[in-house]
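Source file entry.txt; content: compact mmCIF, C-alpha atoms.
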# COMPACT_ATOMS: atom_id res chain seq x y z
CA MET A 23 5.48 44.11 -25.03
CA ASN A 24 2.79 46.57 -26.27
CA VAL A 25 -0.92 46.10 -25.57
CA TYR A 26 -1.58 44.45 -28.96
CA LYS A 27 1.19 41.90 -28.48
CA PHE A 28 -0.03 41.30 -24.91
CA ASP A 29 -3.59 40.55 -26.13
CA GLU A 30 -2.22 38.23 -28.82
CA GLU A 31 -0.10 36.32 -26.28
CA ARG A 32 -3.03 35.95 -23.87
CA ALA A 33 -5.28 34.68 -26.65
CA ARG A 34 -2.59 32.22 -27.74
CA ARG A 35 -2.26 30.81 -24.19
CA GLU A 36 -6.04 30.54 -23.76
CA GLN A 37 -6.32 28.62 -27.02
CA ALA A 38 -3.47 26.33 -26.03
CA ALA A 39 -5.22 25.58 -22.71
CA LYS A 40 -8.42 24.69 -24.60
CA ASP A 41 -6.51 22.43 -26.95
CA ARG A 42 -5.00 20.51 -24.02
CA GLY A 43 -8.47 19.76 -22.69
CA PRO A 44 -9.50 19.25 -19.05
CA ARG A 45 -6.91 18.09 -16.57
CA PRO A 46 -7.17 14.44 -15.49
CA PRO A 47 -8.49 13.83 -11.97
CA SER A 48 -5.92 13.64 -9.22
CA ALA A 49 -4.64 10.23 -8.17
CA PRO A 50 -6.57 8.33 -5.49
CA PRO A 51 -5.33 8.99 -1.95
CA VAL A 52 -3.62 5.59 -1.65
CA PHE A 53 -1.20 6.57 -4.40
CA ASN A 54 -0.26 9.66 -2.43
CA LEU A 55 1.48 7.41 0.07
CA PRO A 56 5.27 7.27 -0.19
CA ASP A 57 6.45 4.48 -2.48
CA VAL A 58 8.31 2.74 0.34
CA ILE A 59 5.06 2.47 2.35
CA ILE A 60 3.17 1.02 -0.62
CA TRP A 61 5.90 -1.53 -1.39
CA LEU A 62 6.46 -2.51 2.24
CA GLY A 63 2.74 -2.85 2.90
CA GLY A 64 2.30 -4.80 -0.33
CA ALA A 65 5.08 -7.19 0.69
CA MET A 66 3.43 -7.81 4.08
CA ILE A 67 0.06 -8.47 2.42
CA ALA A 68 1.62 -10.79 -0.18
CA ILE A 69 3.43 -12.77 2.52
CA HIS A 70 0.26 -13.13 4.57
CA VAL A 71 -1.89 -14.17 1.59
CA LEU A 72 0.74 -16.70 0.53
CA ARG A 73 0.91 -18.20 4.02
CA ALA A 74 -2.86 -18.21 4.57
CA TYR A 75 -4.12 -19.40 1.18
CA ALA A 76 -1.35 -20.87 -0.96
CA LEU A 77 1.06 -22.83 1.22
CA PRO A 78 0.31 -26.07 3.05
CA GLN A 79 0.28 -25.89 6.82
CA SER A 80 3.59 -27.72 7.12
CA TRP A 81 5.33 -25.11 4.95
CA ASP A 82 3.75 -22.27 6.91
CA ASN A 83 4.96 -23.82 10.16
CA TRP A 84 8.46 -23.99 8.68
CA ILE A 85 8.30 -20.29 7.72
CA VAL A 86 7.19 -19.37 11.24
CA TYR A 87 9.96 -21.52 12.70
CA LEU A 88 12.65 -19.80 10.64
CA PHE A 89 11.38 -16.21 10.48
CA ALA A 90 9.29 -15.59 13.61
CA PHE A 91 11.04 -14.48 16.78
CA TRP A 92 11.45 -17.35 19.27
CA PRO A 93 12.85 -16.45 22.71
CA ALA A 94 13.42 -20.16 23.34
CA LYS A 95 16.14 -20.24 20.68
CA TYR A 96 18.21 -17.74 22.64
CA ALA A 97 17.90 -19.74 25.85
CA ALA A 98 19.47 -22.70 24.03
CA PHE A 99 21.57 -20.69 21.57
CA TRP A 100 24.89 -22.56 21.87
CA SER A 101 23.24 -25.92 21.30
CA LEU A 102 21.43 -24.82 18.13
CA THR A 103 22.27 -25.90 14.61
CA PRO A 104 24.00 -23.27 12.40
CA LEU A 105 20.70 -22.66 10.58
CA ASP A 106 18.84 -22.08 13.84
CA MET A 107 21.60 -19.75 15.06
CA ALA A 108 21.34 -17.73 11.86
CA SER A 109 17.54 -17.62 12.02
CA SER A 110 17.64 -16.39 15.61
CA VAL A 111 19.63 -13.39 14.31
CA TRP A 112 17.63 -12.43 11.22
CA SER A 113 14.33 -13.17 12.98
CA SER A 114 14.82 -10.05 15.12
CA VAL A 115 13.75 -8.19 11.96
CA SER A 116 11.93 -10.76 9.83
CA TYR A 117 9.23 -11.38 12.46
CA SER A 118 7.86 -7.93 11.63
CA LEU A 119 6.88 -9.13 8.13
CA LEU A 120 4.63 -11.93 9.44
CA HIS A 121 1.14 -11.53 10.91
CA GLY A 122 -1.32 -13.74 12.75
CA GLY A 123 -4.54 -12.73 10.99
CA ALA A 124 -6.33 -10.25 8.74
CA MET A 125 -7.21 -7.84 11.56
CA HIS A 126 -3.62 -7.93 12.81
CA ILE A 127 -2.13 -6.89 9.46
CA ILE A 128 -4.88 -4.38 8.61
CA PHE A 129 -4.41 -2.59 11.90
CA ASN A 130 -0.63 -2.37 11.49
CA LEU A 131 -0.89 -1.20 7.88
CA LEU A 132 -3.39 1.53 8.73
CA TRP A 133 -1.15 2.96 11.43
CA MET A 134 1.90 2.62 9.23
CA ALA A 135 0.06 4.55 6.51
CA ILE A 136 -0.60 7.38 8.99
CA PHE A 137 2.60 7.66 10.99
CA GLY A 138 5.03 5.66 8.87
CA SER A 139 4.21 7.82 5.86
CA ALA A 140 5.12 10.98 7.76
CA VAL A 141 8.46 9.50 8.83
CA ALA A 142 9.15 8.11 5.33
CA ARG A 143 8.60 11.53 3.76
CA ARG A 144 11.00 13.09 6.25
CA PHE A 145 13.66 10.35 6.26
CA GLY A 146 13.56 9.05 2.69
CA ALA A 147 13.14 5.37 1.75
CA MET A 148 16.49 3.89 2.79
CA ARG A 149 16.75 5.74 6.10
CA PHE A 150 13.12 4.83 6.84
CA LEU A 151 13.76 1.11 6.24
CA VAL A 152 16.87 1.14 8.43
CA PHE A 153 14.97 2.98 11.16
CA SER A 154 12.04 0.53 11.02
CA ALA A 155 14.37 -2.49 11.12
CA LEU A 156 16.17 -1.11 14.18
CA CYS A 157 12.85 -0.48 15.92
CA SER A 158 11.93 -4.11 15.21
CA VAL A 159 15.19 -5.15 16.85
CA GLY A 160 14.38 -2.94 19.83
CA GLY A 161 10.98 -4.59 20.14
CA ALA A 162 12.51 -8.05 19.91
CA ALA A 163 15.08 -7.18 22.59
CA ALA A 164 12.38 -5.96 24.98
CA HIS A 165 10.30 -9.07 24.35
CA LEU A 166 13.30 -11.33 24.88
CA ALA A 167 14.29 -9.62 28.12
CA THR A 168 10.81 -10.12 29.58
CA ASN A 169 10.04 -13.54 28.05
CA TRP A 170 13.35 -15.38 28.30
CA GLY A 171 12.97 -18.99 27.17
CA GLU A 172 9.35 -18.51 26.05
CA THR A 173 8.37 -21.24 23.59
CA ALA A 174 5.71 -19.22 21.74
CA PRO A 175 6.78 -17.21 18.65
CA MET A 176 6.32 -13.47 18.24
CA ILE A 177 5.25 -11.98 14.92
CA GLY A 178 3.87 -8.67 13.64
CA ALA A 179 5.01 -5.19 12.62
CA SER A 180 3.69 -3.53 15.78
CA ALA A 181 7.14 -2.83 17.25
CA ALA A 182 8.30 -1.18 14.02
CA VAL A 183 5.08 0.81 13.74
CA SER A 184 5.39 1.84 17.39
CA GLY A 185 8.85 3.18 16.58
CA GLN A 186 7.48 5.04 13.57
CA MET A 187 4.81 6.59 15.74
CA ALA A 188 7.42 7.62 18.31
CA ALA A 189 9.38 9.36 15.54
CA ALA A 190 6.31 10.98 14.00
CA ILE A 191 5.05 12.57 17.21
CA ARG A 192 8.34 14.45 17.47
CA PHE A 193 7.36 16.71 14.55
CA VAL A 194 3.84 16.17 13.15
CA PHE A 195 2.15 18.30 15.83
CA GLU A 196 4.60 21.19 15.51
CA LEU A 197 3.40 24.49 14.07
CA GLY A 198 3.58 24.08 10.32
CA GLY A 199 3.66 20.29 10.65
CA PRO A 200 1.09 18.03 8.96
CA LEU A 201 -1.04 17.76 12.14
CA GLY A 202 -0.12 21.05 13.80
CA ALA A 203 -2.63 23.65 14.96
CA PHE A 204 -1.36 25.76 12.05
CA ARG A 205 -0.40 23.29 9.38
CA ARG A 206 1.03 23.19 5.91
CA SER A 207 -0.18 20.84 3.19
CA ASP A 208 2.99 20.65 1.11
CA GLN A 209 6.16 18.59 1.47
CA ALA A 210 7.71 21.24 3.72
CA ALA A 211 5.26 20.21 6.48
CA TYR A 212 7.36 17.10 7.03
CA TYR A 213 10.59 19.05 7.49
CA VAL A 214 9.66 21.28 10.41
CA PRO A 215 12.27 21.09 13.21
CA ALA A 216 11.41 18.47 15.83
CA GLN A 217 10.09 19.21 19.29
CA PRO A 218 12.42 18.63 22.23
CA LEU A 219 11.44 15.35 23.86
CA ALA A 220 10.41 16.99 27.15
CA GLU A 221 8.00 19.33 25.33
CA CYS A 222 6.68 16.51 23.19
CA PHE A 223 5.10 14.68 26.14
CA GLN A 224 3.52 17.86 27.46
CA ASN A 225 1.39 18.00 24.32
CA ARG A 226 -2.12 16.66 24.91
CA GLN A 227 -2.44 15.51 21.28
CA VAL A 228 0.67 13.38 21.67
CA LEU A 229 -0.62 11.76 24.86
CA VAL A 230 -4.00 10.99 23.28
CA PHE A 231 -2.46 9.40 20.20
CA VAL A 232 -0.09 7.29 22.28
CA ALA A 233 -2.95 6.09 24.50
CA VAL A 234 -5.16 5.25 21.50
CA TRP A 235 -2.31 3.42 19.75
CA PHE A 236 -1.51 1.14 22.68
CA GLY A 237 -5.18 0.60 23.52
CA LEU A 238 -6.14 -0.44 19.99
CA ASN A 239 -2.99 -2.50 19.63
CA LEU A 240 -3.95 -4.42 22.74
CA PHE A 241 -7.49 -4.98 21.44
CA PHE A 242 -6.52 -6.18 17.97
CA GLY A 243 -3.67 -8.23 19.36
CA ILE A 244 -6.18 -10.13 21.50
CA MET A 245 -8.42 -10.60 18.44
CA SER A 246 -5.64 -12.07 16.28
CA GLY A 247 -5.49 -15.84 15.84
CA PRO A 248 -3.01 -18.45 17.05
CA VAL A 249 0.35 -18.96 15.33
CA ALA A 250 1.85 -22.36 14.54
CA GLY A 251 -0.45 -24.07 17.03
CA GLN A 252 0.51 -21.65 19.82
CA PRO A 253 -2.13 -19.56 21.62
CA ALA A 254 -2.27 -15.92 20.57
CA SER A 255 -0.95 -13.33 23.00
CA VAL A 256 -0.17 -9.62 22.86
CA ALA A 257 3.56 -8.87 22.88
CA TRP A 258 3.06 -5.55 24.63
CA GLN A 259 6.68 -5.47 25.77
CA ALA A 260 7.77 -5.46 22.12
CA HIS A 261 5.46 -2.52 21.41
CA ILE A 262 7.05 -0.56 24.24
CA GLY A 263 10.53 -1.62 23.13
CA GLY A 264 9.86 -0.45 19.58
CA PHE A 265 8.45 2.83 20.84
CA ILE A 266 11.46 3.50 23.08
CA ALA A 267 13.80 2.55 20.23
CA GLY A 268 12.01 5.03 17.99
CA LEU A 269 12.42 7.83 20.51
CA ALA A 270 16.11 7.01 20.98
CA LEU A 271 16.93 6.59 17.29
CA PHE A 272 15.00 9.56 15.92
CA PRO A 273 17.58 12.27 16.73
CA LEU A 274 20.37 10.03 15.37
CA LEU A 275 18.69 9.53 11.99
CA ASP A 276 16.68 12.75 11.63
CA PRO A 277 17.99 14.66 8.59
CA VAL A 278 16.45 17.97 9.73
CA PRO A 279 18.55 20.18 12.04
CA ARG A 280 17.20 20.46 15.56
CA ARG A 281 15.16 23.43 16.61
CA GLN A 282 17.16 26.05 18.45
CA ASN A 283 15.40 27.33 21.58
Show me the file's structure as structure tokens.
Amino acid sequence: MNVYKFDEERARREQAAKDRGPRPPSAPPVFNLPDVIIWLGGAMIAIHVLRAYALPQSWDNWIVYLFAFWPAKYAAFWSLTPLDMASSVWSSVSYSLLHGGAMHIIFNLLWMAIFGSAVARRFGAMRFLVFSALCSVGGAAAHLATNWGETAPMIGASAAVSGQMAAAIRFVFELGGPLGAFRRSDQAAYYVPAQPLAECFQNRQVLVFVAVWFGLNLFFGIMSGPVAGQPASVAWQAHIGGFIAGLALFPLLDPVPRRQN
């Protein structure tokens, strides 16, 4: 291309850019969340609003009875009706969709937006949902083992979010990761090879985040209201169970090859 043709082509592109006009502003930050986080969080909010403001108390109690996690059902499992047997199975996941109050759900959604988003970008939607469900099961198992026969229900996404946090800390603080000392801002930041578990817990950032997570979870759990006439309590065993499940399941579901030392 000679210099005249080059000038003509540059002028043509400049005119085309003017004709297109200014670019629209970028989307608000909330819409930068992965779709699965938006839909899952929206479902939790919709369920809570429906229970709190639309349904009569008797219906809400029935929802809690069928979908919250009740250790007492397992203590009397073989004498349960078929419906109660089935609910004691699906409730090991469904309890994570119910919450005891506005502060309870807001807290869980904020932490899911931070750590769950990182895991969702790395895992993809389906793998992320399977991972979160399994962490809920891990939390329910830990709660059941330490509260056998307990007559109070357990609800909340804290066990699943604890598992998501356990998965996220394996890679977000790595060099090139989204929270690393030297970080990237593109999608590749979420695909850095994961830290070995032993190195992970030598990282001061990891220890601080874990301490803050469990401390705030304890505080907001205490602030949440009663459920189905039962006094509110913090299911800290479920949080630990979900966290341990997240650590154990991460290498099994991680799509990124492990770092070679």
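For the pair atom CA of Pro56 of chain A and atom CA of Ser158 of chain A, the separation is 20.3 Å.
Counting all atoms listed in the file and comparing A:Ala65, A:Ala97, A:Ala90, A:Leu271, the residue that lies closest to Ala174 of chain A is A:Ala90.
Taking atom CA of Ala182 of chain A and atom CA of Ser154 of chain A as endpoints, the distance between them is 5.1 Å.
Every protein, DNA or RNA residue with an atom at most 7 Å from Thr173 of chain A, where all atoms listed in the file count and chain neighbours fewer than 2 positions away do not, is listed here: A:Trp92, A:Pro93, A:Ala94, A:Gly171, A:Pro175.
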Restricting the output to C-alpha atoms, write the selected residues as a short mmCIF file (atom, residue, chain, number, x, y, z; two decimals), in the frame of the given file.
data_model
loop_
_atom_site.label_atom_id
_atom_site.label_comp_id
_atom_site.auth_asym_id
_atom_site.auth_seq_id
_atom_site.Cartn_x
_atom_site.Cartn_y
_atom_site.Cartn_z
CA TRP A 92 11.45 -17.35 19.27
CA PRO A 93 12.85 -16.45 22.71
CA ALA A 94 13.42 -20.16 23.34
CA GLY A 171 12.97 -18.99 27.17
CA PRO A 175 6.78 -17.21 18.65
#
Of A:Ala147, A:Leu72, A:Ala188, A:Cys222, the one nearest to Ala270 of chain A when counting all atoms listed in the file is A:Ala188
List the neighbours of Tyr213 of chain A out to 12 Å using all atoms listed in the file; skip same-chain residues closer than 3 positions along the sequence, and give me the result as a PDB file with C-alpha atoms, in the coordinates of the input.
ATOM      1  CA  ALA A 140       5.120  10.980   7.760  1.00  0.00           C
ATOM      2  CA  VAL A 141       8.460   9.500   8.830  1.00  0.00           C
ATOM      3  CA  ALA A 142       9.150   8.110   5.330  1.00  0.00           C
ATOM      4  CA  ARG A 143       8.600  11.530   3.760  1.00  0.00           C
ATOM      5  CA  ARG A 144      11.000  13.090   6.250  1.00  0.00           C
ATOM      6  CA  PHE A 145      13.660  10.350   6.260  1.00  0.00           C
ATOM      7  CA  GLY A 146      13.560   9.050   2.690  1.00  0.00           C
ATOM      8  CA  ALA A 190       6.310  10.980  14.000  1.00  0.00           C
ATOM      9  CA  ARG A 192       8.340  14.450  17.470  1.00  0.00           C
ATOM     10  CA  PHE A 193       7.360  16.710  14.550  1.00  0.00           C
ATOM     11  CA  VAL A 194       3.840  16.170  13.150  1.00  0.00           C
ATOM     12  CA  PHE A 195       2.150  18.300  15.830  1.00  0.00           C
ATOM     13  CA  GLU A 196       4.600  21.190  15.510  1.00  0.00           C
ATOM     14  CA  LEU A 197       3.400  24.490  14.070  1.00  0.00           C
ATOM     15  CA  GLY A 198       3.580  24.080  10.320  1.00  0.00           C
ATOM     16  CA  GLY A 199       3.660  20.290  10.650  1.00  0.00           C
ATOM     17  CA  PRO A 200       1.090  18.030   8.960  1.00  0.00           C
ATOM     18  CA  ARG A 205      -0.400  23.290   9.380  1.00  0.00           C
ATOM     19  CA  ARG A 206       1.030  23.190   5.910  1.00  0.00           C
ATOM     20  CA  SER A 207      -0.180  20.840   3.190  1.00  0.00           C
ATOM     21  CA  ASP A 208       2.990  20.650   1.110  1.00  0.00           C
ATOM     22  CA  GLN A 209       6.160  18.590   1.470  1.00  0.00           C
ATOM     23  CA  ALA A 210       7.710  21.240   3.720  1.00  0.00           C
ATOM     24  CA  ALA A 216      11.410  18.470  15.830  1.00  0.00           C
ATOM     25  CA  GLN A 217      10.090  19.210  19.290  1.00  0.00           C
ATOM     26  CA  ASP A 276      16.680  12.750  11.630  1.00  0.00           C
ATOM     27  CA  PRO A 277      17.990  14.660   8.590  1.00  0.00           C
ATOM     28  CA  VAL A 278      16.450  17.970   9.730  1.00  0.00           C
ATOM     29  CA  PRO A 279      18.550  20.180  12.040  1.00  0.00           C
ATOM     30  CA  ARG A 280      17.200  20.460  15.560  1.00  0.00           C
ATOM     31  CA  ARG A 281      15.160  23.430  16.610  1.00  0.00           C
TER      32      ARG A 281
END
Restricting to all atoms listed in the file, whichever of A:Val183, A:Ala189, A:Leu120, A:Ala135 is closest to Pro218 of chain A is A:Ala189
